[in-house]
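Enquirer: One structure coming up, written as structure tokens, with questions to follow.
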Protein chains: 2
Amino acid sequence: MATKYSRQREEIKAYLASRKDHPTADNVYMAIRRQIPNISLGTVYRNLTMLVDAGEITRLRVGDGVDHFDYDTSPHYHFVCTECGSVIDLDMQNIDSILKLAGAGFDGKIAGHVTYFYGVCGNCCKKENTESN
Amino acid sequence: MATKYSRQREEIKAYLASRKDHPTADNVYMAIRRQIPNISLGTVYRNLTMLVDAGEITRLRVGDGVDHFDYDTSPHYHFVCTECGSVIDLDMQNIDSILKLAGAGFDGKIAGHVTYFYGVCGNCCKKENTESN
DNA sequence: TAATAAAACAGTAATCATTATCGTTTTGGA
DNA sequence: TCCAAAACGATAATGATTACTGTTTTATTA
């Protein structure tokens, strides 16, 4: 039952805490291998899932087929660039008011919502302007 | 280049048109096999992707790791039951106004948003009440 | 109607992210 | 120090999806 210390898990947490892009399991694996060269990818997945279950990190699914992880568990929204795939935090007020809209005339219980935005990020916008033919 | 007729694709379209739950590729495969017993799963995937690219159907990603498909391409929102996994259409006004909120103070171009709701559907609510200990 | 090239097919192999298994190592309390 | 539980590394398995390949279908043209 009790969770025991693991250096691997601490490194994973520290790495996620240091990033505000939203790394995938493979990103984490590649990064942690600099500190712990023989860490296993399975260990990364297991610890990421443990941390999600413990509420210490959040799992992000933004439709690109790969899970991203976020050390910031406070409710906030994300933007996904359709050009480069980067996932960026948005500074935006919460819109839980849409739960009421969604629940009107629905016969189940609505507990929450998932929202993310997509488009072209600032960097990719710049590139497009520079690459003018 | 030109798209040629295929009975398989027509059956897939007709099946999707007949459903308002949101079938997965495997759901479609199982259903079409009643009409075309030796249809290949690859054919189902290939045609679903063609139809999505042609704008005739929509691909839905609701975080359960499986793509769902929707014959209704008009903008609308979905509810996902955390108990039974069913995906249900919501009759809810559009909330594209949130794009303005998201774009304020963001240096890229926001093109759209993905939103879905989760909770317990009407059927599962009923079951929970019936299964009282 | 026959010839033909492009498109689509069925069957199967490959890919990719993720999870499960298993024998070994680490942790932490007695 | 002893020991059971937890975690590990390595690897196999899974499940959804895509890619490949030789065959069949479609649709155009002679």
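Here's how to read the names in the structure tokens: chain A, B, ... by the order shown, residue numbers from 1 in each chain, ligand numbers from 1 in the order shown.
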Distance limit 9 Å, atoms considered: only C-alpha atoms (C1' of nucleotides). Which chain D residues sit that close to chain A? Return them as a compact mmCIF listing (two decimals) with N, CA and C atoms (P, O5', C5', C4', C3', O3' and C1' of nucleotides), in the first residue's frame.

Expert:
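Written file, part_30.txt:
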# COMPACT_ATOMS: atom_id res chain seq x y z
P DA D 5 4.20 -8.53 2.39
O5' DA D 5 4.11 -7.01 1.92
C5' DA D 5 4.38 -5.97 2.86
C4' DA D 5 4.89 -4.74 2.11
C3' DA D 5 4.17 -4.50 0.77
O3' DA D 5 3.89 -3.11 0.68
C1' DA D 5 6.51 -4.68 0.42
P DA D 6 3.09 -2.50 -0.50
O5' DA D 6 4.22 -1.77 -1.35
C5' DA D 6 5.12 -0.87 -0.68
C4' DA D 6 6.21 -0.46 -1.64
C3' DA D 6 5.72 -0.05 -3.03
O3' DA D 6 6.18 1.26 -3.27
C1' DA D 6 7.53 -1.61 -3.17
P DA D 7 5.96 1.99 -4.64
O5' DA D 7 7.28 1.66 -5.46
C5' DA D 7 8.54 2.04 -4.94
C4' DA D 7 9.62 1.56 -5.87
C3' DA D 7 9.36 1.86 -7.35
O3' DA D 7 10.42 2.66 -7.85
C1' DA D 7 10.03 -0.40 -7.03
P DC D 8 10.59 3.01 -9.34
O5' DC D 8 11.58 1.89 -9.89
C5' DC D 8 12.83 1.74 -9.21
C4' DC D 8 13.62 0.65 -9.87
C3' DC D 8 13.61 0.73 -11.40
O3' DC D 8 14.89 1.11 -11.86
C1' DC D 8 13.15 -1.50 -10.62
P DG D 9 15.05 1.52 -13.39
O5' DG D 9 15.46 0.13 -14.03
C5' DG D 9 16.68 -0.50 -13.64
C4' DG D 9 16.92 -1.72 -14.51
C3' DG D 9 16.90 -1.44 -16.01
O3' DG D 9 17.88 -2.27 -16.62
C1' DG D 9 15.11 -2.92 -15.47
P DA D 10 18.19 -2.19 -18.16
O5' DA D 10 17.41 -3.46 -18.74
C5' DA D 10 17.61 -4.73 -18.11
C4' DA D 10 16.68 -5.74 -18.76
C3' DA D 10 16.50 -5.55 -20.27
O3' DA D 10 16.77 -6.77 -20.92
C1' DA D 10 14.38 -5.68 -19.19

Enquirer: Compute the chain C side of the contact with chain B at 12 Å, counting only C-alpha atoms (C1' of nucleotides), and hand it back as a list of chain:residue names.

Expert: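 Close enough to count are C:DA6, C:DA7, C:DA8, C:DC9, C:DA10, C:DG11, C:DT12, C:DA17, C:DT18.
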
Enquirer: Could you write out that same residue set with N, CA and C atoms (P, O5', C5', C4', C3', O3' and C1' of nucleotides) as a PDB file, in the first residue's frame?

Expert:
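And here is the file that came out, out08.pdb:
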ATOM      1  P    DA C   6      -2.181   5.122 -64.570  1.00  0.00           P
ATOM      2  O5'  DA C   6      -3.297   5.656 -63.559  1.00  0.00           O
ATOM      3  C5'  DA C   6      -4.496   6.241 -64.085  1.00  0.00           C
ATOM      4  C4'  DA C   6      -5.607   6.085 -63.065  1.00  0.00           C
ATOM      5  C3'  DA C   6      -5.147   6.285 -61.618  1.00  0.00           C
ATOM      6  O3'  DA C   6      -6.144   7.056 -60.947  1.00  0.00           O
ATOM      7  C1'  DA C   6      -6.135   4.148 -61.845  1.00  0.00           C
ATOM      8  P    DA C   7      -5.938   7.565 -59.468  1.00  0.00           P
ATOM      9  O5'  DA C   7      -6.923   6.605 -58.649  1.00  0.00           O
ATOM     10  C5'  DA C   7      -8.274   6.480 -59.086  1.00  0.00           C
ATOM     11  C4'  DA C   7      -8.950   5.391 -58.291  1.00  0.00           C
ATOM     12  C3'  DA C   7      -8.707   5.447 -56.786  1.00  0.00           C
ATOM     13  O3'  DA C   7      -9.981   5.517 -56.163  1.00  0.00           O
ATOM     14  C1'  DA C   7      -8.325   3.254 -57.627  1.00  0.00           C
ATOM     15  P    DA C   8     -10.136   5.505 -54.581  1.00  0.00           P
ATOM     16  O5'  DA C   8     -10.379   3.964 -54.258  1.00  0.00           O
ATOM     17  C5'  DA C   8     -11.466   3.293 -54.870  1.00  0.00           C
ATOM     18  C4'  DA C   8     -11.432   1.844 -54.456  1.00  0.00           C
ATOM     19  C3'  DA C   8     -11.226   1.635 -52.942  1.00  0.00           C
ATOM     20  O3'  DA C   8     -12.309   0.869 -52.441  1.00  0.00           O
ATOM     21  C1'  DA C   8      -9.760   0.262 -54.224  1.00  0.00           C
ATOM     22  P    DC C   9     -12.350   0.319 -50.975  1.00  0.00           P
ATOM     23  O5'  DC C   9     -11.795  -1.163 -51.137  1.00  0.00           O
ATOM     24  C5'  DC C   9     -12.446  -2.015 -52.074  1.00  0.00           C
ATOM     25  C4'  DC C   9     -11.798  -3.368 -52.066  1.00  0.00           C
ATOM     26  C3'  DC C   9     -11.521  -3.882 -50.656  1.00  0.00           C
ATOM     27  O3'  DC C   9     -12.398  -4.951 -50.361  1.00  0.00           O
ATOM     28  C1'  DC C   9      -9.623  -4.141 -52.084  1.00  0.00           C
ATOM     29  P    DA C  10     -12.462  -5.469 -48.853  1.00  0.00           P
ATOM     30  O5'  DA C  10     -11.412  -6.671 -48.902  1.00  0.00           O
ATOM     31  C5'  DA C  10     -11.609  -7.759 -49.789  1.00  0.00           C
ATOM     32  C4'  DA C  10     -10.542  -8.809 -49.537  1.00  0.00           C
ATOM     33  C3'  DA C  10     -10.434  -9.263 -48.076  1.00  0.00           C
ATOM     34  O3'  DA C  10     -10.159 -10.655 -48.068  1.00  0.00           O
ATOM     35  C1'  DA C  10      -8.405  -8.215 -48.749  1.00  0.00           C
ATOM     36  P    DG C  11     -10.015 -11.462 -46.721  1.00  0.00           P
ATOM     37  O5'  DG C  11      -8.433 -11.499 -46.505  1.00  0.00           O
ATOM     38  C5'  DG C  11      -7.597 -11.968 -47.556  1.00  0.00           C
ATOM     39  C4'  DG C  11      -6.149 -11.801 -47.128  1.00  0.00           C
ATOM     40  C3'  DG C  11      -5.895 -12.142 -45.655  1.00  0.00           C
ATOM     41  O3'  DG C  11      -4.810 -13.046 -45.593  1.00  0.00           O
ATOM     42  C1'  DG C  11      -5.019 -10.009 -46.177  1.00  0.00           C
ATOM     43  P    DT C  12      -4.316 -13.635 -44.156  1.00  0.00           P
ATOM     44  O5'  DT C  12      -2.964 -12.826 -43.900  1.00  0.00           O
ATOM     45  C5'  DT C  12      -2.137 -12.488 -45.016  1.00  0.00           C
ATOM     46  C4'  DT C  12      -1.142 -11.427 -44.589  1.00  0.00           C
ATOM     47  C3'  DT C  12      -0.644 -11.587 -43.140  1.00  0.00           C
ATOM     48  O3'  DT C  12       0.762 -11.557 -43.166  1.00  0.00           O
ATOM     49  C1'  DT C  12      -1.259  -9.368 -43.563  1.00  0.00           C
ATOM     50  P    DA C  17       5.392   6.811 -30.500  1.00  0.00           P
ATOM     51  O5'  DA C  17       4.340   6.596 -29.323  1.00  0.00           O
ATOM     52  C5'  DA C  17       3.014   7.076 -29.495  1.00  0.00           C
ATOM     53  C4'  DA C  17       2.121   6.422 -28.473  1.00  0.00           C
ATOM     54  C3'  DA C  17       2.567   6.624 -27.024  1.00  0.00           C
ATOM     55  O3'  DA C  17       1.437   7.054 -26.267  1.00  0.00           O
ATOM     56  C1'  DA C  17       2.293   4.316 -27.485  1.00  0.00           C
ATOM     57  P    DT C  18       1.585   7.398 -24.712  1.00  0.00           P
ATOM     58  O5'  DT C  18       1.271   5.993 -24.033  1.00  0.00           O
ATOM     59  C5'  DT C  18       0.014   5.369 -24.306  1.00  0.00           C
ATOM     60  C4'  DT C  18       0.003   3.968 -23.745  1.00  0.00           C
ATOM     61  C3'  DT C  18       0.361   3.859 -22.258  1.00  0.00           C
ATOM     62  O3'  DT C  18      -0.847   3.554 -21.554  1.00  0.00           O
ATOM     63  C1'  DT C  18       1.292   2.096 -23.566  1.00  0.00           C
TER      64       DT C  18
END

Enquirer: Would you kindly return, as a ChimeraX atom specification, each protein, DNA or RNA residue with an atom no farther than 8 Å from any atom of segment 98-114 of chain A, considering only C-alpha atoms (C1' of nucleotides) and excluding same-chain residues fewer than 3 positions away?

Expert: /A:95 /B:90-93,114-123,125

Enquirer: Which of chain A counts as strand (DSSP E or B) under DSSP, as an mmCIF file with C-alpha atoms, in the first residue's frame please?

Expert:
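Below you can see states01.cif, which holds the result:
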data_model
loop_
_atom_site.group_PDB
_atom_site.id
_atom_site.type_symbol
_atom_site.label_atom_id
_atom_site.label_comp_id
_atom_site.auth_asym_id
_atom_site.auth_seq_id
_atom_site.Cartn_x
_atom_site.Cartn_y
_atom_site.Cartn_z
ATOM 1 C CA THR A 24 5.522 13.275 -23.222
ATOM 2 C CA THR A 58 -1.926 16.098 -14.722
ATOM 3 C CA ARG A 59 -2.238 13.964 -17.831
ATOM 4 C CA LEU A 60 -3.034 16.018 -20.928
ATOM 5 C CA HIS A 68 1.518 14.960 -22.276
ATOM 6 C CA PHE A 69 2.210 15.651 -18.596
ATOM 7 C CA ASP A 70 1.887 18.880 -16.661
ATOM 8 C CA TYR A 77 -6.263 25.835 -20.549
ATOM 9 C CA HIS A 78 -3.869 24.829 -23.300
ATOM 10 C CA PHE A 79 -3.148 25.765 -26.863
ATOM 11 C CA VAL A 80 -1.860 23.229 -29.399
ATOM 12 C CA CYS A 81 0.039 24.422 -32.467
ATOM 13 C CA VAL A 87 1.465 22.644 -26.180
ATOM 14 C CA ILE A 88 1.368 26.045 -24.524
ATOM 15 C CA ASP A 89 -0.325 27.325 -21.350
ATOM 16 C CA LEU A 90 -2.980 29.973 -21.853
ATOM 17 C CA LYS A 109 -24.839 14.529 -14.472
ATOM 18 C CA ILE A 110 -22.149 16.699 -16.040
ATOM 19 C CA ALA A 111 -19.045 16.736 -13.852
ATOM 20 C CA GLY A 112 -16.595 18.725 -15.943
ATOM 21 C CA HIS A 113 -15.265 19.628 -19.327
ATOM 22 C CA VAL A 114 -12.116 19.315 -21.389
ATOM 23 C CA THR A 115 -11.228 22.258 -23.599
ATOM 24 C CA TYR A 116 -8.151 23.043 -25.601
ATOM 25 C CA PHE A 117 -7.493 25.488 -28.407
ATOM 26 C CA TYR A 118 -5.621 25.032 -31.648
ATOM 27 C CA GLY A 119 -4.088 27.253 -34.299
ATOM 28 C CA VAL A 120 -0.612 28.559 -35.147
#

Enquirer: Choose the residue, out of A:Arg34, A:His76, A:Lys20, A:Arg61, that has the smallest atom-to-atom separation from chain B; count only C-alpha atoms.

Expert: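 With only C-alpha atoms as the atom set, the closest residue is A:Arg61.
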
Enquirer: Could you check how far atom CA of Thr82 of chain A sits from atom CA of Tyr15 of chain A, in Å to one decimal?

Expert: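 Computed distance, atom CA of Thr82 of chain A to atom CA of Tyr15 of chain A, equals 25.6 Å.
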
Enquirer: Could you tell me how far atom CA of Arg7 of chain A lies from atom CA of Ile36 of chain A, in Å and to one decimal?

Expert: 9.1 Å

Enquirer: Hey, which of B:Ile32, B:Val52, B:Ala14, B:Val62 ends up closest to chain A? Count only C-alpha atoms.

Expert: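 Once distances to chain A are computed over only C-alpha atoms, the minimum belongs to B:Val62.
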
Enquirer: Go ahead and compute the interatomic distance for atom CA of Cys124 of chain B and atom CA of Asn27 of chain B, in Å to one decimal.

Expert: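 These two atoms are separated by 21.2 Å.
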
Enquirer: What's around DA30 of chain D at 12 Å? Count only C-alpha atoms (C1' of nucleotides), leave out sequence neighbours fewer than 3 positions away in its own chain, and write the answer as a PDB file with C-alpha atoms (C1' of nucleotides), in the first residue's frame.

Expert:
ATOM      1  C1'  DT C   1     -17.893  -4.781 -76.032  1.00  0.00           C
ATOM      2  C1'  DA C   2     -12.733  -5.333 -75.108  1.00  0.00           C
ATOM      3  C1'  DA C   3      -8.535  -3.069 -73.413  1.00  0.00           C
ATOM      4  C1'  DT C   4      -6.450  -0.541 -69.890  1.00  0.00           C
TER       5       DT C   4
END
